[in-house]
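Dropping coords_1.txt in here (compact mmCIF, C-alpha atoms):
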```
# COMPACT_ATOMS: atom_id res chain seq x y z
CA MET L 18 -15.23 9.66 -8.59
CA LEU L 19 -16.07 6.12 -7.58
CA LYS L 20 -15.51 2.63 -8.86
CA ILE L 21 -18.13 2.24 -11.55
CA ALA L 22 -19.68 -1.00 -10.28
CA LYS L 23 -20.49 0.60 -6.94
CA LEU L 24 -21.70 3.96 -8.21
CA GLN L 25 -25.44 3.41 -8.59
CA LEU L 26 -25.84 1.67 -5.23
CA LEU L 27 -23.70 4.25 -3.49
CA CYS L 28 -25.66 7.17 -4.88
CA MET L 29 -28.88 5.67 -3.47
CA ILE L 30 -27.55 5.34 0.04
CA LEU L 31 -25.62 8.61 0.16
CA ILE L 32 -28.77 10.48 -0.75
CA MET L 33 -30.40 8.79 2.23
CA ILE L 34 -27.59 9.74 4.61
CA PRO L 35 -27.06 13.49 5.14
CA ALA L 36 -23.28 13.82 5.29
CA TYR L 37 -23.07 16.70 7.75
CA SER L 38 -26.00 16.37 10.12
CA PHE L 39 -23.97 14.49 12.71
CA SER L 40 -23.65 17.29 15.25
CA SER L 41 -27.08 16.37 16.55
CA PHE L 42 -28.48 12.92 17.18
CA ARG L 43 -31.92 12.68 15.59
CA VAL L 44 -34.15 9.85 16.78
CA GLN L 45 -37.51 9.11 15.18
CA ALA L 46 -38.77 6.71 17.83
CA GLU L 47 -39.87 6.57 21.44
CA PRO L 48 -36.85 6.33 23.78
CA ALA L 49 -37.95 2.93 25.04
CA LYS L 50 -37.89 1.59 21.49
CA GLN L 51 -34.46 2.90 20.50
CA ASP L 52 -32.49 2.57 23.73
CA ASP L 53 -31.38 -0.99 22.93
CA VAL L 54 -30.45 -0.09 19.34
CA ILE L 55 -27.59 2.23 20.31
CA PRO L 56 -25.67 -0.31 22.47
CA PHE L 57 -26.17 -2.91 19.74
CA LEU L 58 -24.63 -0.61 17.12
CA GLN L 59 -21.72 0.36 19.35
CA LYS L 60 -20.91 -3.27 20.08
CA LEU L 61 -21.37 -4.25 16.42
CA PHE L 62 -18.84 -1.72 15.19
CA ASN L 63 -16.39 -2.43 18.00
CA ASP L 64 -16.45 -6.14 17.20
CA ARG L 65 -16.13 -5.50 13.46
CA THR L 66 -13.05 -3.45 14.26
CA ARG L 67 -11.62 -6.39 16.23
CA LEU L 68 -12.31 -8.58 13.21
CA LEU L 69 -9.96 -6.46 11.10
CA MET L 70 -7.09 -7.41 13.38
CA ASP L 71 -7.49 -11.19 13.57
CA GLN L 72 -10.17 -12.27 11.04
CA ASP L 73 -11.91 -14.34 13.74
CA LYS L 74 -15.51 -14.73 12.56
CA LYS L 75 -16.64 -15.40 16.11
CA HIS L 76 -16.46 -11.67 16.69
CA ILE L 77 -19.36 -10.90 14.33
CA GLU L 78 -21.29 -13.96 13.16
CA ASP L 79 -23.91 -13.59 15.91
CA TYR L 80 -24.88 -10.15 14.59
CA TYR L 81 -26.22 -11.54 11.31
CA LEU L 82 -29.01 -13.81 10.09
CA VAL L 83 -26.67 -15.83 7.93
CA LYS L 84 -29.49 -17.94 6.45
CA HIS L 85 -31.05 -14.80 4.96
CA ASN L 86 -29.44 -13.67 1.71
CA ARG L 87 -29.16 -9.95 2.38
CA SER L 88 -27.92 -10.38 5.94
CA ASN L 89 -25.45 -13.06 4.87
CA TYR L 90 -24.17 -10.78 2.11
CA ALA L 91 -23.45 -8.07 4.69
CA TYR L 92 -21.69 -10.62 6.90
CA LEU L 93 -19.51 -11.96 4.07
CA HIS L 94 -18.62 -8.42 3.08
CA GLU L 95 -17.12 -7.79 6.53
CA MET L 96 -15.20 -11.07 6.41
CA ASN L 97 -13.83 -10.20 2.96
CA ARG L 98 -12.60 -6.72 3.94
CA ALA L 99 -10.83 -8.14 6.99
CA GLU L 100 -9.09 -10.72 4.82
CA TYR L 101 -8.22 -8.05 2.25
CA ILE L 102 -6.37 -5.71 4.63
CA GLN L 103 -4.45 -8.57 6.22
CA GLU L 104 -3.42 -9.93 2.82
CA TRP L 105 -2.44 -6.44 1.70
CA ALA L 106 -0.26 -6.04 4.80
CA LYS L 107 1.49 -9.38 4.13
CA HIS L 108 2.26 -8.32 0.55
CA ARG L 109 3.68 -5.01 1.83
CA LYS L 110 5.80 -6.68 4.57
CA MET L 111 3.74 -4.97 7.26
CA LYS L 112 1.49 -5.98 10.13
CA PHE L 113 -1.50 -4.19 11.61
CA VAL L 114 -0.96 -3.57 15.32
CA ASN L 115 -4.02 -1.57 16.36
CA ALA L 116 -7.53 -0.64 15.25
CA GLU L 117 -9.91 1.84 16.89
CA SER L 118 -13.39 2.90 15.90
CA SER L 119 -16.01 5.49 16.77
CA ILE L 120 -19.48 6.01 15.33
CA ARG L 121 -21.80 9.00 15.13
CA ILE L 122 -25.47 8.28 14.64
CA SER L 123 -27.58 10.76 12.73
CA ARG L 124 -30.88 8.89 12.62
CA ILE L 125 -32.68 5.94 14.17
CA GLU L 126 -36.19 5.11 13.07
CA VAL L 127 -37.85 2.17 14.82
CA LEU L 128 -41.11 0.65 13.61
CA GLY L 129 -42.12 -2.63 15.20
CA ASP L 130 -39.33 -5.17 14.78
CA THR L 131 -37.46 -3.05 12.21
CA ALA L 132 -34.95 -0.24 12.79
CA LYS L 133 -33.41 1.96 10.09
CA VAL L 134 -30.19 3.70 11.00
CA SER L 135 -27.92 6.29 9.39
CA LEU L 136 -24.45 6.74 10.87
CA VAL L 137 -20.80 7.37 10.10
CA GLN L 138 -17.78 5.43 11.29
CA SER L 139 -14.36 6.95 11.88
CA LEU L 140 -11.74 4.20 11.81
CA LYS L 141 -8.11 4.44 12.90
CA LEU L 142 -5.69 1.73 11.78
CA SER L 143 -2.04 1.38 12.75
CA TYR L 144 0.69 -0.68 11.08
CA GLU L 145 4.37 -1.44 11.52
CA TYR L 146 6.97 -2.79 9.12
CA ILE L 147 7.91 -6.37 9.97
CA ASP L 148 11.68 -6.26 9.41
CA SER L 149 12.60 -2.61 9.14
CA TYR L 150 11.67 0.99 9.96
CA PRO L 151 10.55 0.61 13.58
CA GLY L 152 7.62 2.71 14.63
CA GLN L 153 3.87 2.78 14.31
CA HIS L 154 2.13 4.50 11.41
CA ASP L 155 -1.46 5.62 11.89
CA PHE L 156 -4.07 6.39 9.25
CA GLY L 157 -7.81 6.97 9.12
CA ILE L 158 -10.83 5.97 7.04
CA GLY L 159 -14.34 7.42 7.28
CA THR L 160 -17.45 5.67 5.96
CA ARG L 161 -21.18 6.49 5.78
CA HIS L 162 -23.60 3.68 6.56
CA GLY L 163 -27.26 2.94 6.02
CA ILE L 164 -28.33 -0.08 8.08
CA THR L 165 -31.60 -1.96 8.47
CA LEU L 166 -31.90 -3.99 11.67
CA ARG L 167 -34.38 -6.78 12.35
CA LYS L 168 -35.45 -7.90 15.82
CA LYS L 169 -35.82 -11.63 16.30
CA ASP L 170 -36.15 -13.51 19.59
CA SER L 171 -35.84 -10.24 21.51
CA ARG L 172 -32.52 -9.18 19.98
CA TRP L 173 -31.37 -7.17 16.98
CA TYR L 174 -29.64 -8.47 13.85
CA VAL L 175 -28.24 -6.73 10.77
CA GLU L 176 -30.72 -7.42 7.99
CA ARG L 177 -28.95 -5.34 5.33
CA GLU L 178 -26.33 -2.61 5.07
CA TRP L 179 -24.92 -0.23 2.47
CA TYR L 180 -21.78 1.90 2.65
CA SER L 181 -18.97 3.24 0.48
CA ASP L 182 -16.23 0.85 1.53
CA PRO L 183 -12.66 1.71 0.47
CA LEU L 184 -11.54 -1.79 1.49
CA GLU L 185 -13.97 -3.69 -0.74
CA GLU L 186 -11.48 -5.54 -2.91
CA ASN L 187 -10.56 -9.11 -3.77
CA PRO L 188 -7.77 -10.25 -1.42
CA LYS L 189 -6.53 -12.59 -4.13
CA LYS L 190 -5.88 -9.74 -6.58
CA ILE L 191 -3.31 -7.73 -4.64
CA GLU L 192 -0.20 -6.94 -6.66
CA PRO L 193 2.97 -7.96 -4.76
CA LEU L 194 5.65 -5.47 -3.81
CA ASP L 195 8.68 -6.62 -5.78
CA SER L 196 11.03 -3.93 -4.49
CA SER L 197 10.64 -1.71 -1.46
CA PHE L 198 10.28 2.05 -1.61
CA ILE L 199 13.36 4.09 -0.93
CA PRO L 200 12.86 6.13 2.26
CA HIS L 201 11.71 9.61 1.34
CA LYS L 202 12.33 12.83 3.18
CA ASP L 203 8.83 13.75 4.34
CA SER L 204 9.52 17.44 4.75
CA VAL L 205 6.65 19.83 4.19
CA PRO L 206 7.68 22.44 1.63
CA SER L 207 8.08 26.00 2.84
CA GLU L 208 5.50 28.71 2.32
CA LYS L 209 7.56 30.08 -0.57
CA VAL L 210 5.60 30.12 -3.82
CA ILE L 211 7.81 30.03 -6.90
CA HIS L 212 5.00 30.41 -9.43
CA ASN L 213 1.35 29.98 -8.44
CA TYR L 214 1.13 26.91 -6.23
CA ASN L 215 1.43 27.12 -2.46
CA ARG L 216 2.25 23.51 -1.72
CA ALA L 217 2.40 23.84 2.07
CA ARG L 218 -1.07 25.36 2.26
CA ALA L 219 -2.44 22.70 -0.09
CA ILE L 220 -1.24 19.97 2.28
CA ASP L 221 -2.74 21.78 5.28
CA TYR L 222 -6.05 22.07 3.41
CA ALA L 223 -6.07 18.37 2.55
CA ASN L 224 -5.55 17.48 6.22
CA LYS L 225 -8.06 19.98 7.58
CA TYR L 226 -10.94 19.04 5.28
CA ALA L 227 -10.38 15.28 4.88
CA GLY L 228 -13.88 14.68 6.22
CA ILE L 229 -15.32 12.09 8.60
CA THR L 230 -12.14 10.06 8.95
CA TRP L 231 -9.98 9.81 12.05
CA GLY L 232 -7.23 12.44 11.95
CA ALA L 233 -9.08 15.06 9.92
CA GLY L 234 -9.48 18.62 11.14
CA ASN L 235 -12.43 20.99 11.03
CA ARG L 236 -14.40 18.75 13.43
CA GLN L 237 -14.40 16.07 10.70
CA ARG L 238 -16.48 18.16 8.30
CA TYR L 239 -15.92 19.31 4.74
CA ASN L 240 -15.36 22.95 3.85
CA PRO L 241 -18.89 24.43 3.86
CA LYS L 242 -17.97 26.85 1.06
CA TYR L 243 -18.25 23.98 -1.43
CA LEU L 244 -21.07 21.66 -2.39
CA ASP L 245 -20.77 18.03 -1.32
CA TYR L 246 -20.85 15.79 -4.42
CA ASN L 247 -21.09 12.47 -2.57
CA SER L 248 -24.73 12.04 -3.57
CA LYS L 249 -23.88 12.92 -7.19
CA GLY L 250 -21.33 10.19 -7.81
CA GLY L 251 -18.41 11.11 -5.60
CA ASP L 252 -16.56 14.07 -4.10
CA CYS L 253 -12.93 13.05 -4.70
CA THR L 254 -12.31 15.33 -7.69
CA ASN L 255 -14.13 18.27 -6.13
CA PHE L 256 -11.87 17.84 -3.08
CA SER L 257 -8.68 17.60 -5.14
CA SER L 258 -9.66 20.76 -7.03
CA GLN L 259 -10.23 22.54 -3.72
CA VAL L 260 -6.84 21.42 -2.40
CA ILE L 261 -4.90 22.89 -5.31
CA GLY L 262 -7.25 25.79 -6.14
CA ASP L 263 -8.76 27.29 -2.99
CA LYS L 264 -7.28 30.78 -2.84
CA GLU L 265 -7.86 31.40 0.86
CA GLU L 266 -6.60 28.17 2.46
CA GLY L 267 -5.44 25.84 -0.33
CA GLY L 268 -2.80 25.84 -3.04
CA GLY L 269 -4.21 28.90 -4.75
CA LEU L 270 -3.84 27.93 -8.40
CA PRO L 271 -5.90 30.46 -10.41
CA MET L 272 -9.15 29.18 -11.91
CA LYS L 273 -9.11 29.21 -15.71
CA SER L 274 -9.90 27.38 -18.96
CA GLY L 275 -13.11 25.78 -17.82
CA TRP L 276 -11.74 24.75 -14.44
CA HIS L 277 -13.62 26.88 -11.93
CA TYR L 278 -16.05 26.88 -9.03
CA LEU L 279 -19.01 29.27 -8.73
CA TYR L 280 -19.75 29.62 -5.03
CA GLY L 281 -23.35 28.73 -4.32
CA ASN L 282 -23.74 27.00 -7.71
CA GLY L 283 -21.02 24.37 -7.96
CA GLY L 284 -18.01 23.40 -10.01
CA SER L 285 -17.43 23.12 -13.72
CA GLN L 286 -17.02 19.71 -15.36
CA ALA L 287 -13.23 19.96 -15.12
CA TRP L 288 -13.55 20.84 -11.42
CA VAL L 289 -15.66 17.82 -10.41
CA GLN L 290 -15.27 15.09 -13.07
CA THR L 291 -12.22 12.81 -12.99
CA ASP L 292 -11.21 12.53 -16.65
CA ALA L 293 -11.99 16.18 -17.36
CA PHE L 294 -9.88 17.23 -14.36
CA LYS L 295 -6.95 15.07 -15.45
CA ASN L 296 -7.13 16.47 -18.98
CA PHE L 297 -7.26 20.03 -17.66
CA LEU L 298 -4.23 19.55 -15.43
CA ILE L 299 -2.07 18.31 -18.30
CA ARG L 300 -3.42 20.70 -20.94
CA SER L 301 -3.09 23.78 -18.73
CA GLY L 302 0.44 22.97 -17.62
CA TYR L 303 -0.61 22.92 -13.98
CA GLY L 304 0.22 19.23 -13.79
CA ARG L 305 2.76 16.87 -15.33
CA ILE L 306 2.63 13.07 -15.38
CA ILE L 307 5.86 11.81 -13.79
CA GLY L 308 4.96 8.14 -13.47
CA GLN L 309 2.24 5.81 -14.68
CA GLY L 310 1.26 2.19 -14.95
CA SER L 311 0.74 -0.67 -12.53
CA PHE L 312 1.65 -0.62 -8.86
CA SER L 313 5.08 -2.08 -9.66
CA ASP L 314 5.61 0.51 -12.39
CA VAL L 315 4.96 3.46 -10.11
CA VAL L 316 7.11 2.01 -7.32
CA ARG L 317 10.02 1.95 -9.77
CA ALA L 318 9.14 5.44 -10.98
CA ILE L 319 9.06 6.89 -7.46
CA ASN L 320 12.35 5.23 -6.54
CA GLY L 321 13.98 6.36 -9.78
CA GLN L 322 12.97 9.96 -9.23
CA GLN L 323 15.31 10.18 -6.25
CA HIS L 324 18.36 9.45 -8.39
CA GLN L 325 17.70 11.62 -11.44
CA TYR L 326 17.23 15.29 -12.23
CA ARG L 327 13.50 15.23 -12.83
CA PRO L 328 10.42 16.12 -10.77
CA GLN L 329 9.77 13.94 -7.75
CA LEU L 330 6.44 12.95 -6.29
CA LEU L 331 5.96 15.42 -3.44
CA PRO L 332 3.36 16.16 -0.80
CA GLY L 333 0.78 18.32 -2.53
CA ASP L 334 0.88 16.27 -5.74
CA LEU L 335 -1.99 14.11 -7.00
CA ILE L 336 -2.55 10.45 -7.85
CA ALA L 337 -5.18 9.40 -10.38
CA TYR L 338 -6.56 5.85 -10.31
CA VAL L 339 -7.44 4.38 -13.71
CA LEU L 340 -9.80 1.44 -14.31
CA LYS L 341 -10.44 0.12 -17.83
CA GLY L 342 -8.95 3.23 -19.38
CA ASP L 343 -10.98 5.78 -17.40
CA VAL L 344 -9.86 7.80 -14.42
CA ASP L 345 -11.96 6.56 -11.51
CA HIS L 346 -10.61 8.39 -8.49
CA PHE L 347 -8.24 11.15 -7.33
CA SER L 348 -6.27 11.44 -4.12
CA VAL L 349 -3.85 14.01 -2.72
CA VAL L 350 -0.34 13.02 -1.61
CA VAL L 351 0.17 14.40 1.91
CA GLY L 352 3.40 12.68 2.96
CA PHE L 353 5.42 9.47 3.18
CA ASP L 354 5.88 6.96 5.96
CA GLU L 355 9.32 5.95 7.22
CA GLY L 356 9.58 3.31 4.53
CA GLY L 357 8.98 5.84 1.76
CA TYR L 358 5.39 4.74 1.13
CA PRO L 359 3.27 7.58 -0.33
CA LEU L 360 0.32 8.50 1.90
CA VAL L 361 -2.84 10.11 0.56
CA ASN L 362 -5.99 11.93 1.60
CA SER L 363 -9.24 11.84 -0.37
CA HIS L 364 -13.00 12.03 -0.23
CA THR L 365 -15.44 9.19 -1.04
CA ALA L 366 -14.56 7.31 1.03
CA ASP L 367 -12.78 9.77 3.27
CA ARG L 368 -9.10 8.94 3.84
CA PHE L 369 -6.39 10.49 6.02
CA ARG L 370 -2.73 9.53 5.44
CA VAL L 371 -3.63 6.16 3.91
CA PRO L 372 -1.04 4.14 1.93
CA PHE L 373 -1.89 5.12 -1.62
CA ASP L 374 -2.77 1.67 -3.02
CA LEU L 375 -4.75 0.30 -0.05
CA GLY L 376 -8.22 -0.47 -1.38
CA TRP L 377 -7.10 -1.08 -4.96
CA ASP L 378 -5.90 -4.18 -6.79
CA ARG L 379 -3.74 -5.38 -9.66
CA ASN L 380 -6.30 -4.17 -12.21
CA THR L 381 -5.69 -0.57 -11.18
CA GLN L 382 -3.38 1.71 -13.14
CA TYR L 383 -1.95 4.84 -11.54
CA LEU L 384 -0.99 8.29 -12.79
CA LEU L 385 1.44 10.27 -10.64
CA ILE L 386 0.73 13.94 -11.35
CA HIS L 387 3.26 16.49 -10.17
CA ILE L 388 1.76 19.96 -9.69
CA GLN L 389 4.10 22.54 -11.15
CA ASP L 390 5.12 25.08 -8.55
```
Rewrite the structure of this file - the entire thing - as structure tokens.
Amino acid sequence: MLKIAKLQLLCMILIMIPAYSFSSFRVQAEPAKQDDVIPFLQKLFNDRTRLLMDQDKKHIEDYYLVKHNRSNYAYLHEMNRAEYIQEWAKHRKMKFVNAESSIRISRIEVLGDTAKVSLVQSLKLSYEYIDSYPGQHDFGIGTRHGITLRKKDSRWYVEREWYSDPLEENPKKIEPLDSSFIPHKDSVPSEKVIHNYNRARAIDYANKYAGITWGAGNRQRYNPKYLDYNSKGGDCTNFSSQVIGDKEEGGGLPMKSGWHYLYGNGGSQAWVQTDAFKNFLIRSGYGRIIGQGSFSDVVRAINGQQHQYRPQLLPGDLIAYVLKGDVDHFSVVVGFDEGGYPLVNSHTADRFRVPFDLGWDRNTQYLLIHIQD
């Protein structure tokens, strides 16, 4: 599920943007009216990607009508997210070394001096550790956008924009990294299933169906067997349930005790709702909490697991994100970088091998849930 403050606005825009109609480019305008919109959008997103690397406002300020409230809000949002990821990297003793972006447009509707656009962005970001662990680590983020453009003085400007942004956080509320992670052996478990859970297949499923993000498989589309819950508040729990429970491609945990999916109809409350899913995992014995608390708490827990005889956080396990006592989001652990940093995949927004706390702040509590196999 999503951060509560963003939920209502996000539902409105996700209903407007069909998540999987991107194989064809649908234009509701005469070609002469929309031809200049496409180059504008491509340049806009390329320059916003450059902004993430150096925070130079000169890259994007000319795309906005900064004296208009809604346009200025969209502009400030982009400046804030660029500052956030750079501040996060400093706190994690990293630096971003590359950013690449591509967009797929599903709709352009031009009427006079107004254009309404629906599109998705697939973003690839790369980081390195500053003092240790040489090598570049790549991850992906996918976002769905609804944009209104306004033409003024023969050129387009962003009048307003909505999207589910996983980087929308306060750069001043990032919890520092007091002690580094211990490097973790990022070996994918074998196909052997001790009890019910096929961990290797679960990881493959999470990578294949990660969605519109860079790095995902299945032509960047969800598994069509399942309903998409983005327009109903978020698809993260539905995705996590699929990862551990899909019997054909995923982890294969048997459906039971109210946790089930009826194909063609949808999932039960425990299948799609964050708190209900967490409660089911613990109550059923499928999952076990092996670490919880603030960012610093779970860093210590993960490091301590490598020195004691107790379950470790492994690829194929889950992380729950708790805000004000309620579980707000789920992600799937799919590996570790060279520094031992847990990497996760999720839906809403779509993530592929993203450092697990990027996009969260010091108000977030975490539950590390080991799936019993």
| request: Would you list the contacts of Ala293 of chain L as number ranges by chain, taking every protein, DNA or RNA residue within 12 Å and counting all atoms listed in the file, but skipping same-chain residues closer than 2 positions in sequence? | output: L: 18, 254-255, 258, 274-276, 284-291, 295-301, 337, 343-347
| request: Counting all atoms listed in the file, figure out which residue out of L:Asn187, L:Gly281, L:Thr365, L:Ser143 gets nearest to Ser248 of chain L. | output: L:Thr365
| query | From the list L:Arg216, L:Arg161, L:Arg379, L:His277, which residue is nearest Gly228 of chain L when using all atoms listed in the file? | reply |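 Using all atoms listed in the file, the shortest distance to Gly228 of chain L belongs to L:Arg161.
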| request: Rounded to one decimal place, report the atom CA of Lys189 of chain L-atom CA of Met111 of chain L distance in Å. | output: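 Atom CA of Met111 of chain L lies 17.1 Å from atom CA of Lys189 of chain L.
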| task | Calculate how many Å separate atom CA of Ser139 of chain L from atom CA of Ser118 of chain L, rounding to one decimal. | result |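 Interatomic distance here is 5.8 Å.
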| Nearest to Ile102 of chain L, chosen from L:Ile306, L:Val127, L:Leu184, L:Ile77, with only C-alpha atoms counted in the distances | L:Leu184
| request: Return the single residue from L:Ile307, L:Ile125, L:Ile220, L:Met272 that is closest to Leu360 of chain L, with distances computed using only C-alpha atoms. | output: L:Ile220
| field | Best match for closeness to Leu93 of chain L among L:Phe113, L:Tyr358, L:Trp105, L:Tyr80, counting all atoms listed in the file | value |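 Of L:Phe113, L:Tyr358, L:Trp105, L:Tyr80, the one nearest Leu93 of chain L, counting all atoms listed in the file, is L:Tyr80.
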| query | From the list L:Ile199, L:Leu244, L:Ile261, L:Ala233, which residue is nearest Leu279 of chain L when using all atoms listed in the file? | reply | L:Leu244
